[in-house]
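Raw work.pdb, PDB, C-alpha atoms, pLDDT in the B column:
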ATOM      1  CA  MET Y   1      -6.347 156.708 156.316  1.00 69.00           C
ATOM      2  CA  THR Y   2      -8.039 154.535 153.728  1.00 89.00           C
ATOM      3  CA  LYS Y   3      -8.149 156.031 150.256  1.00 95.00           C
ATOM      4  CA  VAL Y   4     -11.540 156.954 148.848  1.00 97.00           C
ATOM      5  CA  THR Y   5     -12.359 154.727 145.870  1.00 97.00           C
ATOM      6  CA  VAL Y   6     -13.945 156.521 142.932  1.00 97.00           C
ATOM      7  CA  LYS Y   7     -15.402 154.239 140.260  1.00 97.00           C
ATOM      8  CA  ILE Y   8     -16.282 156.095 137.073  1.00 97.00           C
ATOM      9  CA  CYS Y   9     -18.530 154.427 134.529  1.00 94.00           C
ATOM     10  CA  SER Y  10     -16.918 154.817 131.137  1.00 92.00           C
ATOM     11  CA  GLY Y  11     -19.619 153.097 129.127  1.00 91.00           C
ATOM     12  CA  THR Y  12     -20.614 154.913 125.939  1.00 90.00           C
ATOM     13  CA  SER Y  13     -23.682 156.623 127.373  1.00 88.00           C
ATOM     14  CA  CYS Y  14     -21.956 157.799 130.553  1.00 91.00           C
ATOM     15  CA  PHE Y  15     -18.858 158.843 128.633  1.00 91.00           C
ATOM     16  CA  VAL Y  16     -20.765 161.155 126.289  1.00 91.00           C
ATOM     17  CA  MET Y  17     -22.914 162.474 129.148  1.00 91.00           C
ATOM     18  CA  GLY Y  18     -19.876 163.765 131.050  1.00 93.00           C
ATOM     19  CA  ALA Y  19     -17.784 160.936 132.481  1.00 94.00           C
ATOM     20  CA  ALA Y  20     -14.873 162.110 130.342  1.00 92.00           C
ATOM     21  CA  GLN Y  21     -14.700 165.350 132.347  1.00 94.00           C
ATOM     22  CA  ILE Y  22     -14.880 163.444 135.643  1.00 95.00           C
ATOM     23  CA  GLN Y  23     -11.957 161.258 134.562  1.00 94.00           C
ATOM     24  CA  ALA Y  24      -9.817 164.385 134.880  1.00 93.00           C
ATOM     25  CA  LEU Y  25      -9.669 163.484 138.590  1.00 93.00           C
ATOM     26  CA  GLU Y  26      -7.103 160.872 137.642  1.00 91.00           C
ATOM     27  CA  PHE Y  27      -4.704 163.382 136.103  1.00 92.00           C
ATOM     28  CA  THR Y  28      -5.499 166.744 137.694  1.00 93.00           C
ATOM     29  CA  PRO Y  29      -7.197 166.203 141.049  1.00 94.00           C
ATOM     30  CA  PRO Y  30      -7.587 169.112 143.465  1.00 96.00           C
ATOM     31  CA  ALA Y  31      -4.466 169.267 145.653  1.00 96.00           C
ATOM     32  CA  ASP Y  32      -6.315 168.653 148.919  1.00 96.00           C
ATOM     33  CA  ILE Y  33      -7.607 165.248 147.788  1.00 96.00           C
ATOM     34  CA  ALA Y  34      -4.915 164.118 145.337  1.00 95.00           C
ATOM     35  CA  ASP Y  35      -3.210 161.620 147.645  1.00 95.00           C
ATOM     36  CA  LYS Y  36      -6.453 160.436 149.246  1.00 96.00           C
ATOM     37  CA  ILE Y  37      -8.262 158.975 146.233  1.00 96.00           C
ATOM     38  CA  GLU Y  38      -8.031 155.928 144.023  1.00 96.00           C
ATOM     39  CA  ILE Y  39      -9.640 156.277 140.590  1.00 95.00           C
ATOM     40  CA  VAL Y  40     -11.052 153.157 138.935  1.00 94.00           C
ATOM     41  CA  GLU Y  41     -12.534 153.240 135.451  1.00 89.00           C
ATOM     42  CA  VAL Y  42     -15.355 150.756 135.042  1.00 93.00           C
ATOM     43  CA  ARG Y  43     -16.222 149.690 131.526  1.00 92.00           C
ATOM     44  CA  CYS Y  44     -19.951 149.849 132.251  1.00 90.00           C
ATOM     45  CA  MET Y  45     -21.932 149.723 135.490  1.00 89.00           C
ATOM     46  CA  ASN Y  46     -25.093 148.577 133.698  1.00 88.00           C
ATOM     47  CA  LEU Y  47     -27.155 151.041 135.712  1.00 85.00           C
ATOM     48  CA  CYS Y  48     -28.795 152.696 132.714  1.00 80.00           C
ATOM     49  CA  LYS Y  49     -30.435 149.445 131.620  1.00 75.00           C
ATOM     50  CA  ASP Y  50     -33.359 150.157 133.960  1.00 68.00           C
ATOM     51  CA  ILE Y  51     -35.224 152.487 131.612  1.00 63.00           C
ATOM     52  CA  LYS Y  52     -37.946 153.348 134.133  1.00 64.00           C
ATOM     53  CA  THR Y  53     -35.712 154.657 136.919  1.00 60.00           C
ATOM     54  CA  LYS Y  54     -32.188 155.232 135.642  1.00 60.00           C
ATOM     55  CA  TYR Y  55     -32.475 156.192 131.968  1.00 61.00           C
ATOM     56  CA  ASN Y  56     -30.776 159.564 131.369  1.00 71.00           C
ATOM     57  CA  LYS Y  57     -29.414 159.623 134.936  1.00 84.00           C
ATOM     58  CA  GLY Y  58     -25.788 159.147 133.884  1.00 87.00           C
ATOM     59  CA  PRO Y  59     -22.981 159.580 134.152  1.00 93.00           C
ATOM     60  CA  PHE Y  60     -22.754 157.245 137.118  1.00 94.00           C
ATOM     61  CA  VAL Y  61     -19.944 157.409 139.660  1.00 96.00           C
ATOM     62  CA  MET Y  62     -19.557 155.271 142.767  1.00 96.00           C
ATOM     63  CA  VAL Y  63     -17.666 157.020 145.578  1.00 98.00           C
ATOM     64  CA  ASN Y  64     -16.858 154.260 148.046  1.00 97.00           C
ATOM     65  CA  ASP Y  65     -20.343 152.731 148.369  1.00 92.00           C
ATOM     66  CA  GLU Y  66     -22.366 155.815 147.426  1.00 95.00           C
ATOM     67  CA  LEU Y  67     -23.808 156.127 143.933  1.00 94.00           C
ATOM     68  CA  ILE Y  68     -23.871 159.549 142.340  1.00 95.00           C
ATOM     69  CA  GLU Y  69     -26.317 159.894 139.473  1.00 93.00           C
ATOM     70  CA  GLU Y  70     -25.980 162.703 136.936  1.00 94.00           C
ATOM     71  CA  ALA Y  71     -22.454 163.057 138.262  1.00 96.00           C
ATOM     72  CA  THR Y  72     -20.309 166.083 137.573  1.00 96.00           C
ATOM     73  CA  PHE Y  73     -16.715 166.813 138.490  1.00 96.00           C
ATOM     74  CA  GLU Y  74     -17.949 169.167 141.212  1.00 96.00           C
ATOM     75  CA  LYS Y  75     -20.467 166.691 142.691  1.00 97.00           C
ATOM     76  CA  VAL Y  76     -17.834 163.972 142.869  1.00 98.00           C
ATOM     77  CA  VAL Y  77     -15.207 166.217 144.474  1.00 97.00           C
ATOM     78  CA  THR Y  78     -17.762 167.428 147.031  1.00 97.00           C
ATOM     79  CA  LYS Y  79     -18.665 163.833 147.960  1.00 98.00           C
ATOM     80  CA  ILE Y  80     -14.982 162.876 148.246  1.00 97.00           C
ATOM     81  CA  ARG Y  81     -14.344 165.814 150.574  1.00 97.00           C
ATOM     82  CA  GLU Y  82     -17.359 164.860 152.718  1.00 96.00           C
ATOM     83  CA  ILE Y  83     -16.065 161.308 153.103  1.00 96.00           C
ATOM     84  CA  ILE Y  84     -12.527 162.460 153.916  1.00 95.00           C
ATOM     85  CA  LYS Y  85     -13.845 164.914 156.515  1.00 94.00           C
ATOM     86  CA  ALA Y  86     -15.920 162.160 158.134  1.00 93.00           C
ATOM     87  CA  GLN Y  87     -12.896 159.829 158.222  1.00 90.00           C
ATOM     88  CA  GLU Y  88     -10.739 162.493 159.833  1.00 87.00           C
ATOM     89  CA  GLY Y  89     -13.522 163.483 162.111  1.00 76.00           C
TER      90      GLY Y  89
END
So that I can check it, write out the structure of this file as structure tokens.
Amino acid sequence: MTKVTVKICSGTSCFVMGAAQIQALEFTPPADIADKIEIVEVRCMNLCKDIKTKYNKGPFVMVNDELIEEATFEKVVTKIREIIKAQEG
């Protein structure tokens, strides 16, 4: 099984909007996904630069190739579980 890649934007805006809580996946992931994920911190994804469509939509997290806007720990874990279930499927 290929690990699910989770890229967490850790730019200033995303960090203060909640990316810090999502980074907990690296240290205390739920047991059922712990060995199935790879966490990558990205300095900045530059997604918030588009003021018309993305402003205030952070934090941004990319789970494999799927972008999660206004990401939370729970949203990211749910997406990871969906991907794992589909892979096992």
Answer key for the PyMOL selection byres ((chain Y and resi 20-30) around 10), residues as an NGL selection string
:Y and (6-10 or 14-19 or 31-35 or 37-41 or 59 or 61 or 71-77)
Residues returned when the PyMOL selection byres ((chain Y and resi 46) around 12) runs on this file, as a list in words
Cys9, Ser10, Gly11, Thr12, Ser13, Cys14, Val42, Arg43, Cys44, Met45, Leu47, Cys48, Lys49, Asp50, Ile51, Lys54, Tyr55, Lys57, Gly58, Pro59, Phe60 and Val61 of chain Y
Between CA of Glu88 (chain Y) and CA of Glu70 (chain Y), distance in Å (one decimal)
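Distance reported for this atom pair: 27.5 Å.
The interatomic distance for the pair CA of Glu82 (chain Y) and CA of Met62 (chain Y) works out to 14.0 Å.
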I'd like the interatomic distance between CA of Val4 (chain Y) and CA of Val63 (chain Y), to a tenth of an Å.
6.9 Å
Please rebuild region 56-68 of chain Y with N, CA and C atoms and give the result as a PDB file, in the coordinates of the input.
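For reference, rebuild-v3.pdb as written:
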ATOM      1  N   ASN Y  56     -31.182 158.156 131.388  1.00 71.00           N
ATOM      2  CA  ASN Y  56     -30.776 159.564 131.369  1.00 71.00           C
ATOM      3  C   ASN Y  56     -30.331 160.080 132.735  1.00 71.00           C
ATOM      4  N   LYS Y  57     -29.906 159.202 133.623  1.00 84.00           N
ATOM      5  CA  LYS Y  57     -29.414 159.623 134.936  1.00 84.00           C
ATOM      6  C   LYS Y  57     -27.885 159.590 134.999  1.00 84.00           C
ATOM      7  N   GLY Y  58     -27.236 159.205 133.917  1.00 87.00           N
ATOM      8  CA  GLY Y  58     -25.788 159.147 133.884  1.00 87.00           C
ATOM      9  C   GLY Y  58     -25.198 160.531 133.741  1.00 87.00           C
ATOM     10  N   PRO Y  59     -23.909 160.657 133.870  1.00 93.00           N
ATOM     11  CA  PRO Y  59     -22.981 159.580 134.152  1.00 93.00           C
ATOM     12  C   PRO Y  59     -23.074 159.113 135.602  1.00 93.00           C
ATOM     13  N   PHE Y  60     -22.710 157.851 135.794  1.00 94.00           N
ATOM     14  CA  PHE Y  60     -22.754 157.245 137.118  1.00 94.00           C
ATOM     15  C   PHE Y  60     -21.337 157.155 137.687  1.00 94.00           C
ATOM     16  N   VAL Y  61     -21.218 157.509 138.952  1.00 96.00           N
ATOM     17  CA  VAL Y  61     -19.944 157.409 139.660  1.00 96.00           C
ATOM     18  C   VAL Y  61     -20.238 156.832 141.035  1.00 96.00           C
ATOM     19  N   MET Y  62     -19.434 155.866 141.443  1.00 96.00           N
ATOM     20  CA  MET Y  62     -19.557 155.271 142.767  1.00 96.00           C
ATOM     21  C   MET Y  62     -18.384 155.789 143.600  1.00 96.00           C
ATOM     22  N   VAL Y  63     -18.695 156.513 144.666  1.00 98.00           N
ATOM     23  CA  VAL Y  63     -17.666 157.020 145.578  1.00 98.00           C
ATOM     24  C   VAL Y  63     -17.783 156.185 146.840  1.00 98.00           C
ATOM     25  N   ASN Y  64     -16.778 155.334 147.048  1.00 97.00           N
ATOM     26  CA  ASN Y  64     -16.858 154.260 148.046  1.00 97.00           C
ATOM     27  C   ASN Y  64     -18.139 153.480 147.750  1.00 97.00           C
ATOM     28  N   ASP Y  65     -19.114 153.497 148.620  1.00 92.00           N
ATOM     29  CA  ASP Y  65     -20.343 152.731 148.369  1.00 92.00           C
ATOM     30  C   ASP Y  65     -21.526 153.617 148.011  1.00 92.00           C
ATOM     31  N   GLU Y  66     -21.281 154.887 147.720  1.00 95.00           N
ATOM     32  CA  GLU Y  66     -22.366 155.815 147.426  1.00 95.00           C
ATOM     33  C   GLU Y  66     -22.423 156.128 145.940  1.00 95.00           C
ATOM     34  N   LEU Y  67     -23.601 155.873 145.356  1.00 94.00           N
ATOM     35  CA  LEU Y  67     -23.808 156.127 143.933  1.00 94.00           C
ATOM     36  C   LEU Y  67     -24.172 157.581 143.717  1.00 94.00           C
ATOM     37  N   ILE Y  68     -23.515 158.198 142.751  1.00 95.00           N
ATOM     38  CA  ILE Y  68     -23.871 159.549 142.340  1.00 95.00           C
ATOM     39  C   ILE Y  68     -24.433 159.452 140.933  1.00 95.00           C
TER      40      ILE Y  68
END
